[in-house]
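Below: one structure, written as structure tokens.
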Amino acid sequence: MNTHQTAPFKAADYKSDITPIWCPGCGDFHVLMSITKALVALGKAPEDIAVVSGIGCSSRIPAYTNCYGFHGVHGRSLALAGGLKVARPDLTVLVMSGDGDGFSIGGNHFLHACRRNIDMTYVVMDNRVYGMTKGQPSPTTEPDWDSALSPGGTGLSPFHPLVIALASGANFVARTFSGNIKDTTNTLLEAIHHPGFSFVEILSPCVTFRPDEKEWKNTVHTASVEPTDDPARAARRIMTDDGMNTGILYRGHRKPYGTHVEDQAGDLSILEKQFEI
Amino acid sequence: MPAAENSYESISLAIIGSGGAGALTAGAIILEAAASSGWYGIMNRSVGPQIRGGEAAALVRLANHRVDCMNKEYDLLIAIDWKNAERFASEMPLAKHGLVLSDPTAGEVPTEIGGLQSNIASVAMKDLAKEIPGGRENMIAVGMAAAIIGLSLESIMDIVTAKLSKKGGEVVEAGRKCIVTGMAQVAKFTDQLKLQNPEKTDAGRWLITGNEAVGYGAVRGGIRFAAAYPITPATEVLEWLAPALSKVGGALVQAEDELSSINMIIGASFGGRASITATSGPGLALMVEALGLATASEVPIVVVDVMRGGPSTGIPTKSEQSDLNIAIHGCHGDAPHIVVAPLSVSDCIFTAQWAVYLAEAMQTAAILLSDQSLGQARVIIDKPANIAFFAKRKIYQGNREETYNRYAITADGISPMAIPGTPGGQYTADGLTHNVRGAPSSTESDHRDQHDKRERKIANFDYGDHWADIGNPDVDAGSDFTILVWGSMAGPTREAIHTLGCEGIKVKLVAMRLLAPFLKQPFLAALKGCDRTLIVEQTHSGQFHNYLRSQCDLPGEIRHFHRPGPHLIGAQEIVDQIRDWKNS
Ligand SMILES: Cc1ncc(C[n+]2csc(CCOP(=O)(O)OP(=O)(O)O)c2C)c(N)n1
Ligand code: SF4
């Protein structure tokens, strides 16, 4: 029965029967819907897609899809996914993360994944808080946001993930809002199709620990300019906007990391010659 | 054949230099020439902390029989320079009959070296080299060593030509002149230190380092993906794998750190490719969280730890066995996995191949504990036999009509694994406690069942008799003592047992290759009837001894000899321990 079903696939083919643990109203529900729709549009069989994540509310997503999934350890999803993609270039690889998972504990991997430019899509569900551990500030949290762990706020400027991605060499950079499903779906699809490392920041409200983010639906706005292939221009735009600008901001032309693993017979005599006396 | 006077079955020499004098190259040429002349041998290096240009000594032992470790004393020291040699001196005690050949500009022979005044000679290697256009003092040293031991000019020139021909005929010719000149300097010593003729074998010989052997064994076992972050003394495993993997359809990725390298191999292995990384203690410390992930999500991986002195940055260039605790117990939670250790450089091939086989068969993490003394030693070995172990995962073939349970409870604890791309096999691998399907669960029964399953698959696996090398039972019948070791300590122990045997003291060897799981039954069977057992290990705290005590009641009378690096525990220390015990 090892036969591949062929397209068209329906949304149900990409969804598992596991009920998400998310709070009612969490932005991540919308992200899951957009992923499913983007995969239907992609039309690739679910068994040929891998969804890899770390730890956090957002990182629960793999098990809610009917693709191959990996729910790894906190902050290391990009490393795990990179190894998978190099070993299995035939798979479509999506990496799902949160702002704590991706920018704090996983920050170093973020820089190097952008540099390495392996052909995969990195989605960070940014809610500017650690949701799973119940409300601590993350690298994208405003400096004056009050919490039990950092009373009065951290006093630290938020991290600019899109600019960091550009500076580090990501090949595709976009921001969307989870509530805007159509836009998110289209952006994800473009990100998947774009060669190399694609980075999509999805503003995804944490209604429980950041109820103020319910307002995002009123404050996000579509970028009024066309995507550019000039990282400097893209960076200037991102640094000067209000952080709520959505759209595809950058499409680059860098050559993706070479993934050239192929099965070969086990003739090792070429390796043994160097040892022979 | 009775040995002629002044002929030896094993000769140890050191070539000492500094500032790019080429001592290590000289040692390598001698080892290779000896290999092509049919001898066995081993070369280790002793280097100072300087990145380049510091003191360096090539430590070479040649023999007419297989050797796994350095000898206790040195027969020949050639010093181009003695700079900082007091750091080495205690590592290379001179035998009573030992010769010292020293450049007059090298300074006084350090008093630690000792030796008879009549056996110390001055040879102006640097001046002689200067008289030859393009000449180098290390090649003079090669000529001197070759003439003393009995290596022919042709055998040396074959190696030099192969090494230098890229640089042009003039360079080769300069090398030849230096060697001939060197040979001529030592005429009065040439009948003092002859190496006996080698044992004849039909099997071919290989020249290989422990780090290369681990890489090669792993590829033989089916490894086709590696992720790498450099660290002394493990880097050569990765540098060997990089071109090797690309030749057999695999790939190596340089990672940004060890957190990344181990997660990369988990990803690649989840994708169906047998995967490996190599590191040393500091890197292993960073990897332990992900080691737990590999055991919980049941993704096979192999992690090589080429141990160095610890803790923390420790002594990067020196050997120790002190990562045993972290390898066995490092993971949080209950995380059964495999820990194996090669017993010699040639055994690095077998043990690495076996580690891949065990990890793949049991879908778990296997840690291979090598160390600097094995990894960076270059050794002449018999060409290894073909071994049947090849990565063989229990794979789920896919069926859209049924529900696939990735973590199904099975009798042997091993559940068929679906590889991405297999229709109907989709599941999410998870480090969270999960049910049989892989869905997160925190029920008591799922937690217990999965724990039981993972423990069972490792406890009940058939490891054959590879868990240890046990001394030849004929010889061991009625032995007076037993020596119990693991990993690289097997080398000096074998040598000590040989020496003790010549004195009429019969000693049995139990050298453990499989450290975890601990196989209590065969272990106790191997120690049955052993009244006096000496445990030997290169750690400060006695990690191996503590581990054994935690696993079973050791039979008979036990003594324990342990000390940390940087100097390797040698055969002589082990001999002394047994002699003392016998006389006490
Ligand atoms: C090594 C480690 N440290 C800490 C944690 C605890 N932890 C779990 S999720 C999380 C933060 C998640 O925040 P984010 O990535 O923003 O995801 P969200 O829950 O907001 O979606 C932390 C700190 C952990 N699981 N592992
Ligand atoms: S805590 Fe926040 S991020 Fe987590 S599920 Fe609830 S709303 Fe979503």
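Starting from 1 in every chain, residues are counted up; chains themselves are A, B, ... following the order of the structure tokens, and ligands are numbered from 1 as listed.
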**Report entry** Within 8 Å of chain A: residues of chain B, using only C-alpha atoms, as a ChimeraX atom specification
**Finding:** /B:32,35-36,204-208,216,220,225,227,244,247-251,253,256,259-261,263-271,273,289-290,293,397-400,420-431,439
Requested in this report: Just the strand (DSSP E or B) stuff from segment 16-183 of chain A, please, per backbone DSSP, written as a PyMOL selection string.
Outcome: chain A and resi 49-53+65+68-71+92-98+120-126+130+136+172-177
Grab the residues selected above and save them as a tab-separated table (two decimals), in the first residue's frame with N, CA, C and O atoms.
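To be explicit, this is the file written out as part_32.tsv:
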```tsv
chain	number	residue	atom	x	y	z
A	49	ILE	N	6.06	16.42	3.45
A	49	ILE	CA	6.25	17.70	4.15
A	49	ILE	C	6.65	17.39	5.58
A	49	ILE	O	6.11	16.47	6.21
A	50	ALA	N	7.62	18.16	6.09
A	50	ALA	CA	8.01	18.00	7.49
A	50	ALA	C	7.85	19.33	8.20
A	50	ALA	O	8.25	20.38	7.68
A	51	VAL	N	7.23	19.30	9.39
A	51	VAL	CA	7.02	20.49	10.19
A	51	VAL	C	7.82	20.30	11.49
A	51	VAL	O	7.56	19.36	12.24
A	52	VAL	N	8.77	21.19	11.70
A	52	VAL	CA	9.70	21.03	12.82
A	52	VAL	C	9.56	22.21	13.77
A	52	VAL	O	9.39	23.35	13.32
A	53	SER	N	9.61	21.95	15.08
A	53	SER	CA	9.46	23.06	16.02
A	53	SER	C	10.31	22.84	17.26
A	53	SER	O	10.93	21.79	17.44
A	65	THR	N	-0.79	19.03	12.60
A	65	THR	CA	-0.84	18.79	11.16
A	65	THR	C	-0.78	17.29	10.94
A	65	THR	O	-0.46	16.52	11.84
A	68	TYR	N	4.74	14.84	8.47
A	68	TYR	CA	5.75	14.39	9.41
A	68	TYR	C	6.12	15.57	10.29
A	68	TYR	O	6.24	16.71	9.80
A	69	GLY	N	6.25	15.33	11.59
A	69	GLY	CA	6.53	16.44	12.49
A	69	GLY	C	7.65	16.12	13.46
A	69	GLY	O	7.95	14.95	13.71
A	70	PHE	N	8.28	17.16	13.97
A	70	PHE	CA	9.26	16.97	15.03
A	70	PHE	C	9.11	18.10	16.02
A	70	PHE	O	9.31	19.26	15.69
A	71	HIS	N	8.71	17.75	17.24
A	71	HIS	CA	8.58	18.70	18.35
A	71	HIS	C	9.82	18.47	19.20
A	71	HIS	O	9.84	17.57	20.03
A	92	THR	N	9.67	19.12	1.74
A	92	THR	CA	9.42	20.53	2.02
A	92	THR	C	9.48	20.69	3.53
A	92	THR	O	8.76	19.99	4.25
A	93	VAL	N	10.34	21.59	4.00
A	93	VAL	CA	10.54	21.70	5.44
A	93	VAL	C	10.05	23.06	5.95
A	93	VAL	O	10.48	24.11	5.46
A	94	LEU	N	9.11	23.01	6.91
A	94	LEU	CA	8.62	24.22	7.59
A	94	LEU	C	9.12	24.18	9.03
A	94	LEU	O	9.04	23.15	9.68
A	95	VAL	N	9.61	25.30	9.51
A	95	VAL	CA	10.09	25.37	10.88
A	95	VAL	C	9.22	26.38	11.62
A	95	VAL	O	9.04	27.51	11.16
A	96	MET	N	8.64	25.96	12.76
A	96	MET	CA	7.66	26.77	13.46
A	96	MET	C	8.20	27.11	14.84
A	96	MET	O	8.62	26.23	15.59
A	97	SER	N	8.14	28.40	15.19
A	97	SER	CA	8.78	28.82	16.43
A	97	SER	C	8.03	29.98	17.06
A	97	SER	O	7.11	30.54	16.46
A	98	GLY	N	8.44	30.34	18.28
A	98	GLY	CA	7.90	31.51	18.95
A	98	GLY	C	9.01	32.53	19.17
A	98	GLY	O	10.19	32.24	18.91
A	120	MET	N	14.42	26.31	3.22
A	120	MET	CA	13.30	25.96	4.10
A	120	MET	C	12.61	27.23	4.55
A	120	MET	O	13.12	28.34	4.34
A	121	THR	N	11.46	27.08	5.17
A	121	THR	CA	10.67	28.25	5.56
A	121	THR	C	10.58	28.31	7.08
A	121	THR	O	10.20	27.33	7.73
A	122	TYR	N	10.97	29.46	7.62
A	122	TYR	CA	11.00	29.63	9.07
A	122	TYR	C	9.88	30.59	9.49
A	122	TYR	O	9.85	31.75	9.07
A	123	VAL	N	8.96	30.09	10.28
A	123	VAL	CA	7.81	30.89	10.72
A	123	VAL	C	7.93	31.14	12.22
A	123	VAL	O	8.02	30.20	13.00
A	124	VAL	N	7.97	32.41	12.62
A	124	VAL	CA	7.97	32.71	14.05
A	124	VAL	C	6.66	33.39	14.40
A	124	VAL	O	6.29	34.42	13.84
A	125	MET	N	5.94	32.75	15.31
A	125	MET	CA	4.68	33.31	15.79
A	125	MET	C	5.02	34.25	16.93
A	125	MET	O	5.25	33.81	18.06
A	126	ASP	N	5.07	35.53	16.60
A	126	ASP	CA	5.57	36.51	17.56
A	126	ASP	C	4.40	37.10	18.35
A	126	ASP	O	3.56	37.80	17.79
A	130	TYR	N	6.49	35.21	26.54
A	130	TYR	CA	6.61	33.76	26.72
A	130	TYR	C	5.24	33.29	27.18
A	130	TYR	O	4.87	33.52	28.33
A	136	GLN	N	6.29	35.87	30.66
A	136	GLN	CA	7.53	36.62	30.90
A	136	GLN	C	7.90	37.37	29.62
A	136	GLN	O	7.53	36.97	28.53
A	172	PHE	N	14.44	35.67	1.99
A	172	PHE	CA	13.04	36.09	1.83
A	172	PHE	C	12.58	36.53	3.22
A	172	PHE	O	12.75	35.79	4.18
A	173	VAL	N	12.06	37.75	3.31
A	173	VAL	CA	11.67	38.27	4.62
A	173	VAL	C	10.27	38.88	4.52
A	173	VAL	O	10.01	39.71	3.64
A	174	ALA	N	9.38	38.46	5.41
A	174	ALA	CA	8.00	38.96	5.36
A	174	ALA	C	7.42	39.04	6.77
A	174	ALA	O	7.90	38.37	7.69
A	175	ARG	N	6.40	39.90	6.91
A	175	ARG	CA	5.66	39.95	8.18
A	175	ARG	C	4.17	39.86	7.84
A	175	ARG	O	3.72	40.46	6.87
A	176	THR	N	3.46	39.07	8.64
A	176	THR	CA	2.00	39.01	8.44
A	176	THR	C	1.34	39.08	9.81
A	176	THR	O	1.99	39.01	10.85
A	177	PHE	N	0.03	39.18	9.79
A	177	PHE	CA	-0.77	39.17	11.01
A	177	PHE	C	-1.64	37.92	10.98
A	177	PHE	O	-2.29	37.63	9.96
```
Query raised in the report: Pick from B:Met287, B:Cys348, B:Ile367, B:Val47: nearest to ligand 1, with only C-alpha atoms and all ligand atoms counted?
Result: B:Met287
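Where the distance criterion is 7 Å and the atoms used are only C-alpha atoms and all ligand atoms, the residues close to ligand 2 are Ile21, Trp22, Cys23, Gly25, Cys26, Gly27, Asp28, Cys57, Ser58, Asn127, Gly131, Met132, Lys134, Pro205, Cys206, Val207, Thr208 and Phe209 of chain A.
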If you keep N, CA and C atoms, can you produce a file of those selected residues as a tab-separated table (two decimals), in the first residue's frame?
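Resulting contents of part.tsv:
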```tsv
chain	number	residue	atom	x	y	z
A	21	ILE	N	-3.98	22.56	22.42
A	21	ILE	CA	-4.07	22.93	23.84
A	21	ILE	C	-4.23	24.44	24.01
A	22	TRP	N	-4.25	25.19	22.93
A	22	TRP	CA	-4.21	26.65	23.01
A	22	TRP	C	-5.44	27.24	23.69
A	23	CYS	N	-5.29	28.42	24.28
A	23	CYS	CA	-6.40	29.16	24.89
A	23	CYS	C	-7.37	29.58	23.78
A	25	GLY	N	-9.19	31.77	21.37
A	25	GLY	CA	-8.86	33.11	20.89
A	25	GLY	C	-7.38	33.32	20.61
A	26	CYS	N	-6.54	32.33	20.91
A	26	CYS	CA	-5.10	32.46	20.65
A	26	CYS	C	-4.85	32.62	19.15
A	27	GLY	N	-3.96	33.52	18.80
A	27	GLY	CA	-3.64	33.78	17.39
A	27	GLY	C	-3.11	32.55	16.67
A	28	ASP	N	-2.57	31.60	17.41
A	28	ASP	CA	-1.94	30.44	16.77
A	28	ASP	C	-2.96	29.56	16.04
A	57	CYS	N	3.99	27.48	23.26
A	57	CYS	CA	2.62	27.25	22.77
A	57	CYS	C	2.67	27.10	21.25
A	58	SER	N	3.35	28.04	20.61
A	58	SER	CA	3.43	28.06	19.15
A	58	SER	C	4.08	26.79	18.61
A	127	ASN	N	4.38	36.77	19.65
A	127	ASN	CA	3.34	37.35	20.51
A	127	ASN	C	3.98	38.24	21.58
A	131	GLY	N	4.51	32.64	26.28
A	131	GLY	CA	3.16	32.21	26.63
A	131	GLY	C	3.18	30.97	27.50
A	132	MET	N	3.90	29.95	27.03
A	132	MET	CA	3.84	28.65	27.70
A	132	MET	C	4.28	28.72	29.16
A	134	LYS	N	3.89	31.23	31.03
A	134	LYS	CA	2.91	32.08	31.69
A	134	LYS	C	3.37	33.52	31.92
A	205	PRO	N	-1.39	37.13	18.37
A	205	PRO	CA	-1.66	37.60	19.73
A	205	PRO	C	-1.74	36.48	20.76
A	206	CYS	N	-1.19	36.76	21.94
A	206	CYS	CA	-1.39	35.91	23.11
A	206	CYS	C	-2.50	36.58	23.90
A	207	VAL	N	-3.70	36.05	23.76
A	207	VAL	CA	-4.84	36.74	24.38
A	207	VAL	C	-4.84	36.61	25.89
A	208	THR	N	-4.11	35.62	26.40
A	208	THR	CA	-4.12	35.38	27.83
A	208	THR	C	-3.14	36.28	28.58
A	209	PHE	N	-1.90	36.35	28.10
A	209	PHE	CA	-0.90	37.13	28.84
A	209	PHE	C	-0.65	38.50	28.24
```
Requested in this report: Output as a ChimeraX atom specification all residues of segment 239-416 of chain B that backbone DSSP marks as helix (DSSP H, G or I).
Outcome: /B:239-247,258-270,281-297,324-329,345-362,372-375
Requested in this report: Would you kindly return, as an MDAnalysis selection string, each protein, DNA or RNA residue with an atom no farther than 12 Å from any atom of Asp449 of chain B, considering only C-alpha atoms and excluding same-chain residues fewer than 6 positions away?
Outcome: chainID B and resid 407:411 413 433:436 441:443 455:456
Take the residues from that selection and put them in a file with N, CA, C and O atoms, as a short mmCIF file (atom, residue, chain, number, x, y, z; two decimals), in the first residue's frame.
```
data_model
loop_
_atom_site.label_atom_id
_atom_site.label_comp_id
_atom_site.auth_asym_id
_atom_site.auth_seq_id
_atom_site.Cartn_x
_atom_site.Cartn_y
_atom_site.Cartn_z
N TYR B 407 5.08 4.69 18.28
CA TYR B 407 5.71 4.22 19.52
C TYR B 407 4.96 3.01 20.08
O TYR B 407 4.75 2.88 21.28
N ALA B 408 4.57 2.12 19.14
CA ALA B 408 3.82 0.92 19.53
C ALA B 408 4.61 0.13 20.58
O ALA B 408 5.83 0.04 20.52
N ILE B 409 3.87 -0.43 21.52
CA ILE B 409 4.50 -1.27 22.54
C ILE B 409 4.79 -2.63 21.92
O ILE B 409 3.87 -3.32 21.49
N THR B 410 6.03 -3.01 21.84
CA THR B 410 6.41 -4.28 21.21
C THR B 410 7.17 -5.13 22.23
O THR B 410 7.67 -4.62 23.23
N ALA B 411 7.26 -6.41 21.91
CA ALA B 411 7.89 -7.34 22.86
C ALA B 411 9.36 -6.97 23.07
O ALA B 411 9.85 -6.94 24.19
N GLY B 413 10.62 -4.08 22.47
CA GLY B 413 10.74 -2.67 22.80
C GLY B 413 11.08 -1.80 21.59
O GLY B 413 11.15 -0.58 21.70
N THR B 433 6.57 13.41 26.86
CA THR B 433 6.00 12.07 27.03
C THR B 433 4.81 11.95 26.09
O THR B 433 4.01 12.88 25.95
N HIS B 434 4.73 10.80 25.42
CA HIS B 434 3.72 10.64 24.38
C HIS B 434 3.06 9.28 24.49
O HIS B 434 3.56 8.38 25.15
N ASN B 435 1.93 9.16 23.82
CA ASN B 435 1.28 7.86 23.75
C ASN B 435 1.85 7.08 22.56
O ASN B 435 2.79 7.55 21.91
N VAL B 436 1.28 5.92 22.27
CA VAL B 436 1.85 5.08 21.22
C VAL B 436 1.84 5.78 19.86
O VAL B 436 2.70 5.55 19.01
N SER B 441 1.27 13.27 25.98
CA SER B 441 0.42 12.65 27.00
C SER B 441 1.11 12.81 28.34
O SER B 441 2.33 12.78 28.42
N SER B 442 0.31 13.00 29.39
CA SER B 442 0.94 12.98 30.71
C SER B 442 0.26 11.95 31.61
O SER B 442 0.28 12.07 32.82
N THR B 443 -0.31 10.93 30.97
CA THR B 443 -0.94 9.90 31.81
C THR B 443 0.14 8.99 32.39
O THR B 443 1.20 8.79 31.80
N GLU B 455 13.51 1.04 28.05
CA GLU B 455 14.47 0.30 28.87
C GLU B 455 14.64 -1.13 28.35
O GLU B 455 15.76 -1.64 28.22
N ARG B 456 13.50 -1.72 27.96
CA ARG B 456 13.49 -3.12 27.52
C ARG B 456 14.33 -3.31 26.26
O ARG B 456 15.08 -4.26 26.12
#
```
Query raised in the report: In terms of the shortest atom-to-atom distance over only C-alpha atoms and all ligand atoms, which of B:Gly22, B:Gly115, B:Pro564, B:Gly292 is closest to ligand 1?
Result: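 Result for the nearest residue to ligand 1: B:Gly292.
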